[in-house]
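A.B. asks: My structure file start03.txt, compact mmCIF, C-alpha atoms, is below:
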# COMPACT_ATOMS: atom_id res chain seq x y z
CA MET P 1 1.09 7.61 -10.22
CA LEU P 2 2.91 5.02 -12.30
CA LEU P 3 6.58 5.81 -12.91
CA THR P 4 8.19 3.43 -15.39
CA THR P 5 11.94 3.10 -15.68
CA SER P 6 11.67 4.91 -19.03
CA ASP P 7 9.91 7.82 -17.30
CA LEU P 8 12.60 7.85 -14.62
CA VAL P 9 15.43 7.98 -17.16
CA THR P 10 13.71 10.91 -18.92
CA ALA P 11 13.34 12.78 -15.61
CA VAL P 12 16.97 12.20 -14.62
CA ARG P 13 18.23 13.40 -18.01
CA ARG P 14 16.08 16.54 -17.73
CA LYS P 15 17.12 17.39 -14.18
CA GLY P 16 20.80 16.66 -14.74
CA GLN P 17 20.93 18.07 -18.27
CA ILE P 18 22.25 14.75 -19.54
CA PRO P 19 21.31 14.92 -23.22
CA ASP P 20 21.63 11.39 -24.60
CA ALA P 21 22.99 7.88 -24.18
CA SER P 22 26.35 8.76 -25.72
CA ASP P 23 27.18 10.55 -22.47
CA TYR P 24 25.40 8.27 -19.97
CA THR P 25 23.42 5.22 -21.03
CA ASP P 26 19.93 4.36 -19.81
CA ALA P 27 21.32 1.26 -18.10
CA GLU P 28 23.90 3.36 -16.25
CA ILE P 29 21.20 5.78 -15.09
CA LEU P 30 19.08 2.90 -13.77
CA ALA P 31 22.11 1.45 -11.98
CA GLU P 32 22.64 4.79 -10.23
CA ALA P 33 18.95 4.89 -9.31
CA ASP P 34 19.22 1.38 -7.85
CA ASP P 35 22.03 2.63 -5.62
CA VAL P 36 19.90 5.57 -4.45
CA ILE P 37 16.96 3.29 -3.65
CA SER P 38 19.01 0.70 -1.76
CA GLY P 39 21.41 3.10 -0.08
CA ARG P 40 19.15 6.01 0.78
CA LEU P 41 15.41 5.57 0.23
CA THR P 42 14.92 2.03 1.53
CA GLU P 43 16.29 3.11 4.91
CA VAL P 44 13.75 5.96 5.04
CA ILE P 45 10.73 3.78 4.23
CA ALA P 46 11.75 0.69 6.18
CA GLY P 47 12.79 2.78 9.17
CA LEU P 48 9.30 4.25 9.48
CA SER P 49 7.85 0.71 9.87
CA ASN P 50 4.57 1.92 8.38
CA GLY P 51 3.77 -1.22 6.41
CA PHE P 52 4.63 -0.05 2.88
CA TYR P 53 7.17 -2.83 2.29
CA VAL P 54 5.52 -5.53 4.43
CA ARG P 55 4.72 -9.00 3.07
CA TYR P 56 4.39 -12.35 4.77
CA LEU P 57 5.74 -15.84 4.19
CA ASP P 58 3.94 -18.95 5.44
CA ILE P 59 6.21 -21.82 6.47
CA THR P 60 4.96 -25.30 7.31
CA MET P 61 6.60 -26.53 10.49
CA VAL P 62 8.09 -30.01 10.67
CA ALA P 63 7.73 -32.00 13.88
CA ALA P 64 10.87 -31.90 16.05
CA THR P 65 12.49 -29.30 13.74
CA ALA P 66 13.23 -25.94 15.33
CA ARG P 67 15.27 -24.24 12.56
CA TYR P 68 13.73 -22.58 9.45
CA ALA P 69 15.18 -20.25 6.80
CA LEU P 70 14.31 -16.57 6.99
CA PRO P 71 12.74 -14.90 3.93
CA THR P 72 15.61 -14.45 1.49
CA ARG P 73 14.43 -11.07 0.22
CA SER P 74 13.83 -9.24 3.48
CA VAL P 75 15.36 -5.80 4.00
CA ALA P 76 18.58 -6.18 6.03
CA ASP P 77 17.59 -9.82 6.78
CA THR P 78 15.08 -8.63 9.38
CA VAL P 79 11.56 -9.75 10.34
CA GLU P 80 8.62 -7.69 11.60
CA HIS P 81 6.50 -10.31 13.30
CA VAL P 82 6.31 -14.09 13.78
CA ALA P 83 3.10 -15.96 14.59
CA VAL P 84 1.52 -19.39 14.44
CA LEU P 85 -1.36 -19.47 11.95
CA GLN P 86 -4.22 -21.26 13.69
CA SER P 87 -6.97 -23.37 12.14
CA ASP P 88 -9.56 -20.59 12.45
CA GLY P 89 -7.34 -18.19 10.50
CA THR P 90 -6.24 -16.14 13.50
CA GLU P 91 -2.59 -15.63 14.38
CA ARG P 92 -1.01 -16.45 17.71
CA PRO P 93 2.05 -14.20 18.08
CA LEU P 94 5.39 -15.61 19.18
CA SER P 95 7.65 -13.62 21.48
CA ARG P 96 11.26 -13.04 20.59
CA LEU P 97 13.89 -14.41 22.98
CA ARG P 98 17.31 -12.89 23.41
CA ASN P 99 19.83 -15.32 21.98
CA SER P 100 21.50 -15.50 25.39
CA ASP P 101 18.22 -16.79 26.89
CA ALA P 102 17.72 -19.54 24.31
CA MET P 103 19.95 -21.85 26.37
CA TYR P 104 17.16 -22.20 28.91
CA VAL P 105 14.71 -23.71 26.40
CA THR P 106 16.95 -25.44 23.83
CA GLY P 107 16.12 -29.11 23.43
CA SER P 108 12.52 -28.83 24.58
CA SER P 109 9.55 -29.75 22.39
CA GLY P 110 5.89 -28.83 22.37
CA THR P 111 3.88 -25.84 21.16
CA PRO P 112 6.16 -22.95 20.05
CA TYR P 113 5.76 -19.70 21.97
CA ASN P 114 9.12 -18.05 21.30
CA TYR P 115 11.71 -17.55 18.59
CA THR P 116 15.22 -16.25 18.04
CA ILE P 117 17.15 -15.18 14.95
CA GLU P 118 20.45 -16.94 14.34
CA GLY P 119 22.34 -16.09 11.16
CA ALA P 120 19.89 -16.55 8.27
CA ASP P 121 17.59 -18.81 10.30
CA LEU P 122 14.55 -18.55 12.53
CA LEU P 123 14.63 -20.85 15.57
CA LEU P 124 11.41 -21.85 17.35
CA TYR P 125 11.13 -22.67 21.06
CA PRO P 126 10.10 -25.21 21.99
CA ALA P 127 10.59 -27.25 18.81
CA PRO P 128 7.15 -28.03 17.34
CA THR P 129 5.55 -31.44 17.73
CA THR P 130 2.96 -30.92 14.95
CA ALA P 131 3.03 -29.62 11.37
CA GLU P 132 1.40 -26.24 11.95
CA THR P 133 2.10 -23.09 9.93
CA ILE P 134 4.16 -20.13 11.03
CA ARG P 135 3.60 -16.76 9.38
CA VAL P 136 6.62 -14.48 9.12
CA ARG P 137 5.99 -10.84 8.28
CA TYR P 138 8.93 -8.94 6.84
CA GLN P 139 9.80 -5.89 4.77
CA ILE P 140 10.65 -6.99 1.25
CA ARG P 141 13.64 -5.57 -0.56
CA ARG P 142 12.87 -3.45 -3.64
CA ALA P 143 13.61 -5.04 -7.01
CA LYS P 144 16.34 -4.00 -9.42
CA LEU P 145 15.23 -1.53 -12.09
CA THR P 146 15.06 -2.83 -15.66
CA SER P 147 13.47 -1.87 -18.96
CA ILE P 148 10.36 -3.43 -20.45
CA GLY P 149 11.20 -6.35 -22.73
CA THR P 150 14.37 -7.54 -21.02
CA ASN P 151 13.48 -9.08 -17.68
CA ALA P 152 9.97 -7.62 -17.40
CA PHE P 153 6.80 -7.60 -19.50
CA ALA P 154 3.31 -6.09 -19.39
CA ILE P 155 0.63 -8.76 -18.97
CA THR P 156 -1.80 -8.91 -21.91
CA ALA P 157 -3.90 -11.90 -20.81
CA ALA P 158 -4.24 -14.34 -17.92
CA ASN P 159 -5.64 -17.85 -17.54
CA TYR P 160 -6.45 -18.29 -13.87
CA GLY P 161 -7.31 -21.97 -14.23
CA ALA P 162 -4.01 -22.84 -15.90
CA ARG P 163 -2.10 -20.24 -13.82
CA THR P 164 -0.51 -18.69 -16.92
CA VAL P 165 0.05 -15.10 -18.03
CA SER P 166 0.68 -13.87 -21.57
CA PHE P 167 2.81 -10.97 -22.78
CA VAL P 168 4.36 -9.54 -25.93
CA GLY P 169 8.03 -10.42 -26.04
CA THR P 170 10.57 -13.23 -26.05
CA VAL P 171 10.60 -15.54 -23.06
CA PRO P 172 13.84 -14.87 -21.13
CA THR P 173 16.37 -17.68 -21.32
CA THR P 174 16.29 -17.97 -17.54
CA TRP P 175 12.64 -19.05 -17.77
CA THR P 176 13.31 -21.62 -20.50
CA THR P 177 15.35 -23.68 -18.04
CA TYR P 178 12.43 -24.03 -15.66
CA SER P 179 12.97 -27.79 -15.38
CA THR P 180 15.73 -27.01 -12.87
CA MET P 181 12.98 -25.63 -10.58
CA THR P 182 15.24 -22.73 -9.62
CA THR P 183 13.82 -20.07 -11.94
CA LYS P 184 11.21 -17.80 -10.40
CA LEU P 185 9.06 -14.86 -11.40
CA ASP P 186 7.35 -11.94 -9.67
CA LEU P 187 4.03 -10.26 -10.39
CA ILE P 188 4.05 -6.47 -9.89
CA GLY P 189 1.09 -4.09 -9.92
CA ARG P 190 0.92 -0.84 -11.82
CA GLU P 191 -1.01 1.04 -9.13
CA ALA P 192 -0.38 2.31 -5.57
CA GLY P 193 3.40 2.29 -5.47
CA SER P 194 3.73 -0.65 -7.90
CA VAL P 195 3.81 -3.13 -5.04
CA TYR P 196 4.37 -6.86 -5.39
CA LEU P 197 1.23 -8.89 -6.11
CA ASP P 198 3.15 -12.14 -5.69
CA VAL P 199 6.80 -13.10 -5.51
CA ASP P 200 9.05 -16.07 -6.21
CA ARG P 201 6.52 -18.07 -8.21
CA VAL P 202 8.31 -21.13 -9.62
CA VAL P 203 8.17 -21.31 -13.42
CA THR P 204 6.49 -24.54 -14.58
CA SER P 205 5.93 -23.99 -18.32
CA TYR P 206 6.41 -21.54 -21.17
CA THR P 207 5.34 -20.99 -24.78
CA GLN P 208 7.37 -18.82 -27.14
CA GLY P 209 5.26 -16.82 -29.57
CA SER P 210 3.01 -13.81 -30.14
CA PRO P 211 2.06 -13.51 -27.40
CA SER P 212 4.38 -15.59 -25.28
CA THR P 213 3.03 -17.40 -22.22
CA VAL P 214 4.56 -18.50 -18.93
CA GLY P 215 3.02 -20.72 -16.26
CA SER P 216 3.99 -20.78 -12.60
CA SER P 217 3.50 -22.42 -9.22
CA ALA P 218 0.71 -24.55 -7.83
CA THR P 219 -0.91 -21.61 -6.07
CA ALA P 220 -3.58 -19.48 -7.74
CA LEU P 221 -2.75 -16.25 -9.51
CA PRO P 222 -3.58 -13.27 -7.25
CA ALA P 223 -7.16 -12.07 -7.65
CA THR P 224 -5.93 -8.47 -7.57
CA MET P 225 -3.83 -8.91 -10.71
CA LEU P 226 -5.02 -6.88 -13.71
CA ILE P 227 -4.23 -6.80 -17.40
CA GLY P 228 -1.42 -4.28 -17.72
CA ASP P 229 0.33 -5.37 -14.55
CA TYR P 230 3.80 -6.86 -14.93
CA VAL P 231 5.40 -10.29 -14.95
CA THR P 232 9.14 -10.16 -14.27
CA VAL P 233 12.17 -12.29 -13.63
CA ALA P 234 12.25 -12.45 -9.82
CA GLY P 235 14.08 -9.47 -8.37
CA TYR P 236 13.52 -7.10 -11.32
CA THR P 237 10.95 -4.36 -11.95
CA PRO P 238 10.12 -2.06 -14.91
CA VAL P 239 8.38 0.41 -12.58
CA VAL P 240 9.60 2.37 -9.57
CA GLN P 241 8.37 0.71 -6.37
CA LEU P 242 8.21 3.81 -4.21
CA PRO P 243 5.41 6.05 -2.94
CA ASP P 244 4.56 8.81 -5.41
CA GLU P 245 5.91 11.40 -2.98
CA LEU P 246 9.44 9.99 -3.40
CA HIS P 247 9.53 9.91 -7.20
CA ALA P 248 11.02 13.40 -7.48
CA ALA P 249 13.51 12.63 -4.71
CA LEU P 250 14.70 9.57 -6.61
CA ALA P 251 15.14 11.50 -9.86
CA ASN P 252 16.92 14.39 -8.12
CA ALA P 253 19.23 12.16 -6.07
CA THR P 254 20.11 10.04 -9.11
CA ALA P 255 20.90 13.09 -11.23
CA ALA P 256 22.95 14.52 -8.35
CA ALA P 257 25.02 11.32 -8.13
CA ILE P 258 25.75 11.44 -11.86
CA LEU P 259 26.70 15.13 -11.79
CA GLY P 260 28.99 14.47 -8.83
CA GLN P 261 30.79 11.74 -10.74
CA ARG P 262 31.28 14.14 -13.65
CA GLY P 263 32.71 16.88 -11.45
CA PHE P 264 29.73 19.28 -11.55
CA THR P 265 29.77 20.01 -7.83
CA GLN P 266 27.35 22.94 -7.77
CA GLY P 267 24.69 21.12 -9.77
CA MET P 268 25.15 18.04 -7.60
CA GLN P 269 24.68 20.04 -4.40
CA THR P 270 21.56 21.79 -5.70
CA LEU P 271 19.82 18.59 -6.80
CA ASP P 272 20.87 16.73 -3.66
CA ALA P 273 19.32 19.50 -1.56
CA PHE P 274 16.07 19.11 -3.51
CA ALA P 275 16.15 15.35 -2.88
CA ALA P 276 16.80 15.85 0.85
CA ARG P 277 13.86 18.28 1.04
CA ASP P 278 11.52 15.77 -0.62
CA ILE P 279 12.71 12.92 1.60
CA GLU P 280 12.18 15.00 4.73
CA ALA P 281 8.68 15.97 3.58
CA TYR P 282 7.79 12.33 2.93
CA SER P 283 9.13 11.29 6.32
CA ARG P 284 6.85 13.81 8.03
CA MET P 285 3.81 12.73 6.03
CA ALA P 286 4.37 9.00 6.41
CA ALA P 287 5.60 8.91 10.01
CA GLN P 288 2.09 8.02 11.09
CA ARG P 289 0.59 6.31 8.06
CA VAL P 290 -2.39 5.14 10.12
CA LYS P 291 -3.41 7.96 12.43
CA ASN P 292 -4.71 5.95 15.37
CA ALA P 293 -2.23 4.25 17.71
CA PRO P 294 -1.68 0.48 17.32
CA VAL P 295 -2.95 -1.92 19.96
CA THR P 296 -0.21 -3.53 22.06
CA PHE P 297 -0.51 -7.27 22.71
CA VAL P 298 1.36 -9.08 25.46
CA ASN P 299 2.24 -12.76 24.99
CA ARG P 300 1.48 -14.13 28.45
CA ASN P 301 2.50 -17.62 27.31
CA SER P 302 6.12 -16.66 26.72
CA MET P 303 8.39 -19.43 27.97
CA LEU P 304 10.43 -16.98 29.98
CA ARG P 305 7.26 -15.74 31.69
CA LEU P 306 6.34 -19.28 32.56
CA ARG P 307 9.83 -20.37 33.58
CA GLY P 308 9.63 -19.08 37.15
CA ARG P 309 6.22 -20.56 37.91
Give the structure from the file, written as structure tokens.
C.D. replies:
Amino acid sequence: MLLTTSDLVTAVRRKGQIPDASDYTDAEILAEADDVISGRLTEVIAGLSNGFYVRYLDITMVAATARYALPTRSVADTVEHVAVLQSDGTERPLSRLRNSDAMYVTGSSGTPYNYTIEGADLLLYPAPTTAETIRVRYQIRRAKLTSIGTNAFAITAANYGARTVSFVGTVPTTWTTYSTMTTKLDLIGREAGSVYLDVDRVVTSYTQGSPSTVGSSATALPATMLIGDYVTVAGYTPVVQLPDELHAALANATAAAILGQRGFTQGMQTLDAFAARDIEAYSRMAAQRVKNAPVTFVNRNSMLRLRGR
């Protein structure tokens, strides 16, 4: 069920008996909710590794170049899986090397079979000799909560040929400087946890008006996008990007944090207990999101497997 930031603020005020903005503003409530999501709920969902946050990034390899930047929006700068995308559309998985073992293969070139993580970079071994594509799966960080009409807008029309979306509202100033090629936007769905439909699309044009229009990227708009979905400044969302089963936990934990700051210890403890109960229930339900066990693949072409032959 869709939970907008306005709905969330209403729920937090009701649970915490916070009557109006003179006592605690909507923006302050959303900031507290952001802290709950990043500091408490993201760990629960990401830790289950059940695919809810997973996206992928395709990176074109450059011959003789082993080092590539990791996805900048991954949870805790981690990756789930790295593979070479082959011409028939299948993926050939790469095996992770321990950093201490990379010394044995550094400087070699050929077809990559292994990788390591070093700082904010992904290193391939051996360094590629052709411009193939690597696919990096990762868990994407949840966006910062915002209200409709500031950094986020409901889509009222879309032109798939021109790759533009229209909305009611004023184009954010960050999008009007698109000529710098640094301004990006996200597309967020209104169904099934309000997941990302696309991220980090580079803004290429805009029209101020009623409605306003913004164009982005050379890639097609996602076919799953619907009228009523959202276009946002990258990294912001007007809807809560959590499973429905965690909506109450978010509202309770946010209200508890506010009550704690105001010195209402008993109310804080009661609401925090409700949040903990809901989080535990979700963890049990989602621990095995797909009920059958995953298949285990072994990369028999790992360089360390081949080294002793």
A.B. asks: Could you pull the residues within 7 Å of Ala251 in chain P, counting only C-alpha atoms, minus those fewer than 5 positions along the same chain, as an MDAnalysis selection string?
C.D. replies: chainID P and resid 8 11:12
A.B. asks: At what distance in Å, to one decimal, does CA of Ile45 in chain P lie from CA of Val199 in chain P?
C.D. replies: 19.9 Å
A.B. asks: Under the rule of at most 12 Å, produce a per-residue listing of range 7-96 of chain P near range 264-277 of chain P: chain, number, name, the closest pair of atoms, and the distance in Å, as JSON lines, using all atoms listed in the file.
C.D. replies:
{"residue": "P:Val12", "atom": "CA", "partner": "P:Leu271", "partner_atom": "CA", "distance": 10.5}
{"residue": "P:Arg14", "atom": "CA", "partner": "P:Leu271", "partner_atom": "CA", "distance": 11.7}
{"residue": "P:Lys15", "atom": "CA", "partner": "P:Leu271", "partner_atom": "CA", "distance": 7.9}
{"residue": "P:Gly16", "atom": "CA", "partner": "P:Gly267", "partner_atom": "CA", "distance": 7.7}
{"residue": "P:Gln17", "atom": "CA", "partner": "P:Gly267", "partner_atom": "CA", "distance": 9.8}
{"residue": "P:Ile18", "atom": "CA", "partner": "P:Phe264", "partner_atom": "CA", "distance": 11.8}
{"residue": "P:Val36", "atom": "CA", "partner": "P:Ala275", "partner_atom": "CA", "distance": 10.6}
{"residue": "P:Arg40", "atom": "CA", "partner": "P:Ala276", "partner_atom": "CA", "distance": 10.1}
{"residue": "P:Leu41", "atom": "CA", "partner": "P:Ala275", "partner_atom": "CA", "distance": 10.3}
{"residue": "P:Val44", "atom": "CA", "partner": "P:Ala276", "partner_atom": "CA", "distance": 11.2}
A.B. asks: Which polymer residues, whether protein, DNA or RNA, lie within 12 Å of the coordinate (23.6, -2.4, -8.1) when you count all atoms listed in the file? List them as a list in words, using the chain letters and numbers from the file.
C.D. replies: Ala27, Glu28, Ile29, Leu30, Ala31, Glu32, Ala33, Asp34, Asp35, Val36, Ile37, Ser38, Gly39, Arg142, Ala143, Lys144, Leu145, Thr146, Gly235 and Tyr236 of chain P
A.B. asks: How many Å separate CA of Thr224 in chain P from CA of Tyr53 in chain P?
C.D. replies: 17.3 Å
A.B. asks: Given the choices P:Glu191, P:Leu242, P:Gly110, P:Val165, which gets closest to Ser205 in chain P if the distance is worked out from only C-alpha atoms?
C.D. replies: P:Val165
A.B. asks: Show me, as a compact mmCIF listing (two decimals) with C-alpha atoms, keeping the file's coordinate frame, the residues that have an atom within 12 Å of Thr183 in chain P when counting all atoms listed in the file, minus same-chain residues fewer than 6 positions from it.
C.D. replies:
# COMPACT_ATOMS: atom_id res chain seq x y z
CA PRO P 172 13.84 -14.87 -21.13
CA THR P 173 16.37 -17.68 -21.32
CA THR P 174 16.29 -17.97 -17.54
CA TRP P 175 12.64 -19.05 -17.77
CA THR P 176 13.31 -21.62 -20.50
CA THR P 177 15.35 -23.68 -18.04
CA VAL P 199 6.80 -13.10 -5.51
CA ASP P 200 9.05 -16.07 -6.21
CA ARG P 201 6.52 -18.07 -8.21
CA VAL P 202 8.31 -21.13 -9.62
CA VAL P 203 8.17 -21.31 -13.42
CA THR P 204 6.49 -24.54 -14.58
CA SER P 205 5.93 -23.99 -18.32
CA TYR P 206 6.41 -21.54 -21.17
CA VAL P 214 4.56 -18.50 -18.93
CA GLY P 215 3.02 -20.72 -16.26
CA SER P 216 3.99 -20.78 -12.60
CA SER P 217 3.50 -22.42 -9.22
CA THR P 232 9.14 -10.16 -14.27
CA VAL P 233 12.17 -12.29 -13.63
CA ALA P 234 12.25 -12.45 -9.82
CA GLY P 235 14.08 -9.47 -8.37
A.B. asks: Using only C-alpha atoms, pick whichever of P:Asp20, P:Glu91, P:Asp278, P:Asp244 has the shortest atom-to-atom distance to Asp58 in chain P.
C.D. replies: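 Of P:Asp20, P:Glu91, P:Asp278, P:Asp244, the one nearest Asp58 in chain P, counting only C-alpha atoms, is P:Glu91.
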